[in-house]
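Visitor: data-v5.cif is the file, holding mmCIF, C-alpha atoms:
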data_upload
loop_
_atom_site.group_PDB
_atom_site.id
_atom_site.type_symbol
_atom_site.label_atom_id
_atom_site.label_comp_id
_atom_site.auth_asym_id
_atom_site.auth_seq_id
_atom_site.Cartn_x
_atom_site.Cartn_y
_atom_site.Cartn_z
ATOM 1 C CA MET A 237 -8.694 -6.246 20.082
ATOM 2 C CA GLY A 238 -10.588 -9.260 18.849
ATOM 3 C CA GLU A 239 -9.086 -8.839 15.380
ATOM 4 C CA THR A 240 -8.705 -12.164 13.652
ATOM 5 C CA HIS A 241 -5.608 -12.726 11.596
ATOM 6 C CA ASN A 242 -5.505 -14.998 8.625
ATOM 7 C CA SER A 243 -2.494 -16.036 6.611
ATOM 8 C CA VAL A 244 -3.013 -13.242 4.048
ATOM 9 C CA THR A 245 -3.170 -10.622 6.796
ATOM 10 C CA ASP A 246 -0.072 -12.085 8.425
ATOM 11 C CA MET A 247 1.725 -11.987 5.079
ATOM 12 C CA ALA A 248 0.733 -8.344 4.480
ATOM 13 C CA LEU A 249 1.884 -7.396 7.986
ATOM 14 C CA ALA A 250 5.211 -9.162 7.462
ATOM 15 C CA TYR A 251 5.750 -7.310 4.161
ATOM 16 C CA ALA A 252 4.787 -3.999 5.809
ATOM 17 C CA GLU A 253 7.348 -4.620 8.554
ATOM 18 C CA GLN A 254 9.980 -5.193 5.850
ATOM 19 C CA ALA A 255 9.135 -1.715 4.542
ATOM 20 C CA VAL A 256 9.678 -0.261 8.032
ATOM 21 C CA THR A 257 13.094 -1.949 8.185
ATOM 22 C CA LEU A 258 14.105 -0.933 4.646
ATOM 23 C CA ALA A 259 13.048 2.672 5.259
ATOM 24 C CA ARG A 260 15.774 3.031 7.887
ATOM 25 C CA GLU A 261 18.315 2.774 5.063
ATOM 26 C CA TYR A 262 16.764 6.018 3.773
ATOM 27 C CA GLN A 263 16.766 7.664 7.230
ATOM 28 C CA ALA A 264 12.989 7.320 7.447
ATOM 29 C CA ASN A 265 11.174 6.084 10.545
ATOM 30 C CA LEU A 266 7.862 4.635 9.372
ATOM 31 C CA ASP A 267 5.163 4.483 12.061
ATOM 32 C CA TYR A 268 2.029 3.628 9.999
ATOM 33 C CA SER A 269 0.791 7.223 10.272
ATOM 34 C CA GLU A 270 -0.702 9.083 7.321
ATOM 35 C CA ARG A 271 2.304 11.428 7.301
ATOM 36 C CA SER A 272 4.696 8.496 6.955
ATOM 37 C CA LEU A 273 3.408 8.073 3.399
ATOM 38 C CA THR A 274 5.286 11.243 2.440
ATOM 39 C CA ASP A 275 8.472 9.407 3.449
ATOM 40 C CA VAL A 276 7.364 6.371 1.435
ATOM 41 C CA GLU A 277 6.783 8.605 -1.593
ATOM 42 C CA ALA A 278 10.311 10.044 -1.228
ATOM 43 C CA ILE A 279 11.782 6.530 -0.995
ATOM 44 C CA LEU A 280 9.807 5.355 -4.049
ATOM 45 C CA ALA A 281 10.999 8.423 -5.978
ATOM 46 C CA LYS A 282 14.592 7.357 -5.254
ATOM 47 C CA LEU A 283 13.876 3.724 -6.105
ATOM 48 C CA SER A 284 12.275 4.698 -9.417
ATOM 49 C CA GLN A 285 15.422 6.595 -10.451
ATOM 50 C CA THR A 286 17.667 3.610 -9.892
ATOM 51 C CA SER A 287 17.319 0.170 -11.333
ATOM 52 C CA PRO A 288 15.155 -1.657 -8.794
ATOM 53 C CA GLN A 289 17.248 -3.664 -6.379
ATOM 54 C CA GLY A 290 16.138 -7.258 -6.584
ATOM 55 C CA ASP A 291 12.721 -8.403 -7.670
ATOM 56 C CA LEU A 292 10.255 -5.668 -8.689
ATOM 57 C CA THR A 293 7.306 -7.856 -7.688
ATOM 58 C CA GLU A 294 8.743 -8.311 -4.204
ATOM 59 C CA THR A 295 9.449 -4.571 -3.919
ATOM 60 C CA CYS A 296 5.830 -3.819 -4.862
ATOM 61 C CA LYS A 297 4.514 -6.271 -2.262
ATOM 62 C CA ILE A 298 6.651 -4.730 0.483
ATOM 63 C CA TRP A 299 5.745 -1.090 -0.133
ATOM 64 C CA GLY A 300 2.191 -1.919 -1.206
ATOM 65 C CA SER A 301 1.584 -3.786 2.038
ATOM 66 C CA TYR A 302 2.815 -0.788 3.998
ATOM 67 C CA LEU A 303 0.551 1.560 2.027
ATOM 68 C CA GLY A 304 -2.387 -0.799 2.534
ATOM 69 C CA GLU A 305 -1.691 -1.120 6.264
ATOM 70 C CA VAL A 306 -1.751 2.661 6.693
ATOM 71 C CA VAL A 307 -5.180 2.727 5.001
ATOM 72 C CA ARG A 308 -6.415 -0.322 6.957
ATOM 73 C CA ARG A 309 -5.327 1.061 10.329
ATOM 74 C CA ARG A 310 -7.100 4.344 9.591
ATOM 75 C CA PHE A 311 -10.278 3.075 7.888
ATOM 76 C CA GLY A 312 -10.513 -0.655 8.585
ATOM 77 C CA GLY A 313 -10.768 -3.290 5.905
ATOM 78 C CA GLU A 314 -9.625 -6.839 5.309
ATOM 79 C CA TRP A 315 -6.667 -8.202 3.377
ATOM 80 C CA SER A 316 -7.262 -10.863 0.751
ATOM 81 C CA ILE A 317 -5.831 -12.172 -2.485
ATOM 82 C CA ASP A 318 -8.011 -11.243 -5.450
ATOM 83 C CA THR A 319 -7.649 -11.206 -9.207
ATOM 84 C CA TYR A 320 -6.686 -7.779 -10.480
ATOM 85 C CA PRO A 321 -9.451 -6.419 -12.779
ATOM 86 C CA GLY A 322 -8.796 -7.167 -16.422
ATOM 87 C CA LYS A 323 -5.715 -9.254 -15.666
ATOM 88 C CA GLU A 324 -5.029 -12.916 -15.200
ATOM 89 C CA PHE A 325 -3.094 -12.688 -11.955
ATOM 90 C CA ALA A 326 -3.956 -12.474 -8.272
ATOM 91 C CA THR A 327 -2.573 -9.769 -6.011
ATOM 92 C CA LEU A 328 -2.783 -8.512 -2.442
ATOM 93 C CA THR A 329 -6.076 -6.669 -2.084
ATOM 94 C CA LEU A 330 -7.487 -4.491 0.678
ATOM 95 C CA ASN A 331 -11.273 -4.820 0.860
ATOM 96 C CA LEU A 332 -12.952 -1.703 2.251
ATOM 97 C CA GLY A 333 -16.703 -1.849 2.638
ATOM 98 C CA GLY A 334 -17.398 -3.292 -0.784
ATOM 99 C CA SER A 335 -14.536 -1.585 -2.589
ATOM 100 C CA LYS A 336 -11.106 -2.949 -3.349
ATOM 101 C CA LEU A 337 -7.701 -1.305 -3.252
ATOM 102 C CA PHE A 338 -4.718 -2.893 -4.975
ATOM 103 C CA PRO A 339 -1.806 -1.182 -3.211
ATOM 104 C CA SER A 340 0.942 -3.346 -4.739
ATOM 105 C CA MET A 341 -0.285 -2.415 -8.216
ATOM 106 C CA LYS A 342 -0.220 1.262 -7.238
ATOM 107 C CA ILE A 343 3.406 0.886 -6.125
ATOM 108 C CA HIS A 344 4.214 -0.856 -9.417
ATOM 109 C CA ARG A 345 2.752 2.087 -11.346
ATOM 110 C CA ARG A 346 4.681 4.541 -9.160
ATOM 111 C CA LEU A 347 7.985 2.749 -9.795
ATOM 112 C CA THR A 348 7.447 2.240 -13.521
ATOM 113 C CA GLN A 349 5.486 5.353 -14.548
ATOM 114 C CA GLY A 350 6.988 8.045 -12.338
ATOM 115 C CA GLY A 351 5.850 10.931 -10.157
ATOM 116 C CA GLY A 352 2.416 11.233 -11.723
ATOM 117 C CA GLU A 353 1.532 8.159 -9.662
ATOM 118 C CA ASN A 354 2.413 9.915 -6.370
ATOM 119 C CA ILE A 355 1.557 7.741 -3.340
ATOM 120 C CA TRP A 356 0.710 10.655 -1.031
ATOM 121 C CA LEU A 357 -1.745 12.139 -3.552
ATOM 122 C CA PHE A 358 -3.272 8.688 -4.049
ATOM 123 C CA TYR A 359 -3.772 8.339 -0.302
ATOM 124 C CA GLU A 360 -5.342 11.803 -0.094
ATOM 125 C CA MET A 361 -7.820 10.784 -2.802
ATOM 126 C CA VAL A 362 -8.690 7.500 -1.045
ATOM 127 C CA LYS A 363 -9.054 9.303 2.288
ATOM 128 C CA ALA A 364 -11.347 11.955 0.805
ATOM 129 C CA ARG A 365 -13.602 9.272 -0.637
ATOM 130 C CA LEU A 366 -13.688 7.230 2.551
ATOM 131 C CA GLU A 367 -14.403 10.252 4.733
ATOM 132 C CA THR A 368 -17.177 11.729 2.586
ATOM 133 C CA VAL A 369 -19.101 8.661 1.471
ATOM 134 C CA PRO A 370 -21.706 7.370 3.966
ATOM 135 C CA GLY A 371 -20.572 4.098 5.445
ATOM 136 C CA GLY A 372 -16.971 4.744 4.452
ATOM 137 C CA ARG A 373 -17.266 3.118 1.041
ATOM 138 C CA VAL A 374 -15.028 4.010 -1.830
ATOM 139 C CA GLN A 375 -17.095 4.435 -4.973
#
Would you mind giving the structure from this file in structure tokens?
Guide:
Amino acid sequence: MGETHNSVTDMALAYAEQAVTLAREYQANLDYSERSLTDVEAILAKLSQTSPQGDLTETCKIWGSYLGEVVRRRFGGEWSIDTYPGKEFATLTLNLGGSKLFPSMKIHRRLTQGGGENIWLFYEMVKARLETVPGGRVQ
């Protein structure tokens, strides 16, 4: 398709594929569709109730990359590593027409702050913005 891959994109895709593999342990078959995010939300709800297995940062990268890939495949965008606003660290970032999404940070909030940070509702909000704003830009 003429899509150029850089090392950040390759890394995000590899993390997203880890999410697909891990989801099978929860009887979920992730296919990068919008609806698959309801399965991701259910998995994250279970993960948030247990002590995270392994490294929380790694867990956030895996599920965040999957979330970001669903958005990217639907609306386009480019992966990069950018500094999170107001923080001193860099994180996986999805650049969408001048706006930035930080999906790994969203996963971190979901796992540490609970159901109020629902991934499906977050996606619905992003989708509504991208579909209603001329040029597909998130304000």
Visitor: Find the residues around segment 310-320 of chain A up to 9 Å (all atoms listed in the file counted), leave out those fewer than 4 positions away in its own chain, and share them as a tab-separated table (two decimals) with C-alpha atoms, in the coordinates of the input.
Guide:
chain	number	residue	atom	x	y	z
A	242	ASN	CA	-5.50	-15.00	8.62
A	244	VAL	CA	-3.01	-13.24	4.05
A	245	THR	CA	-3.17	-10.62	6.80
A	248	ALA	CA	0.73	-8.34	4.48
A	269	SER	CA	0.79	7.22	10.27
A	270	GLU	CA	-0.70	9.08	7.32
A	304	GLY	CA	-2.39	-0.80	2.53
A	305	GLU	CA	-1.69	-1.12	6.26
A	306	VAL	CA	-1.75	2.66	6.69
A	324	GLU	CA	-5.03	-12.92	-15.20
A	325	PHE	CA	-3.09	-12.69	-11.96
A	326	ALA	CA	-3.96	-12.47	-8.27
A	327	THR	CA	-2.57	-9.77	-6.01
A	328	LEU	CA	-2.78	-8.51	-2.44
A	329	THR	CA	-6.08	-6.67	-2.08
A	330	LEU	CA	-7.49	-4.49	0.68
A	331	ASN	CA	-11.27	-4.82	0.86
A	332	LEU	CA	-12.95	-1.70	2.25
A	333	GLY	CA	-16.70	-1.85	2.64
A	338	PHE	CA	-4.72	-2.89	-4.97
A	341	MET	CA	-0.28	-2.42	-8.22
A	363	LYS	CA	-9.05	9.30	2.29
A	366	LEU	CA	-13.69	7.23	2.55
A	367	GLU	CA	-14.40	10.25	4.73
A	372	GLY	CA	-16.97	4.74	4.45
Visitor: Contacts of Gly300 of chain A at 8 Å or less, counting only C-alpha atoms, minus same-chain residues fewer than 2 places along, as number ranges by chain?
Guide: A: 252, 296-298, 302-304, 338-343
Visitor: For Tyr268 of chain A, which of A:Val307, A:Leu292, A:Ser243, A:Gln285 is the closest residue, counting all atoms listed in the file?
Guide: A:Val307
Visitor: Using only C-alpha atoms - which residues lie no farther than 10 Å from the point (12.4, 2.1, -9.7) in the file's frame? Write them as a PyMOL selection string.
Guide: chain A and resi 279-289+292+295+343-350
Visitor: So, with all atoms listed in the file as the atoms that count, which of A:Glu294, A:Glu277, A:Ser272, A:Gln263 lies closest to Tyr251 of chain A?
Guide: A:Glu294
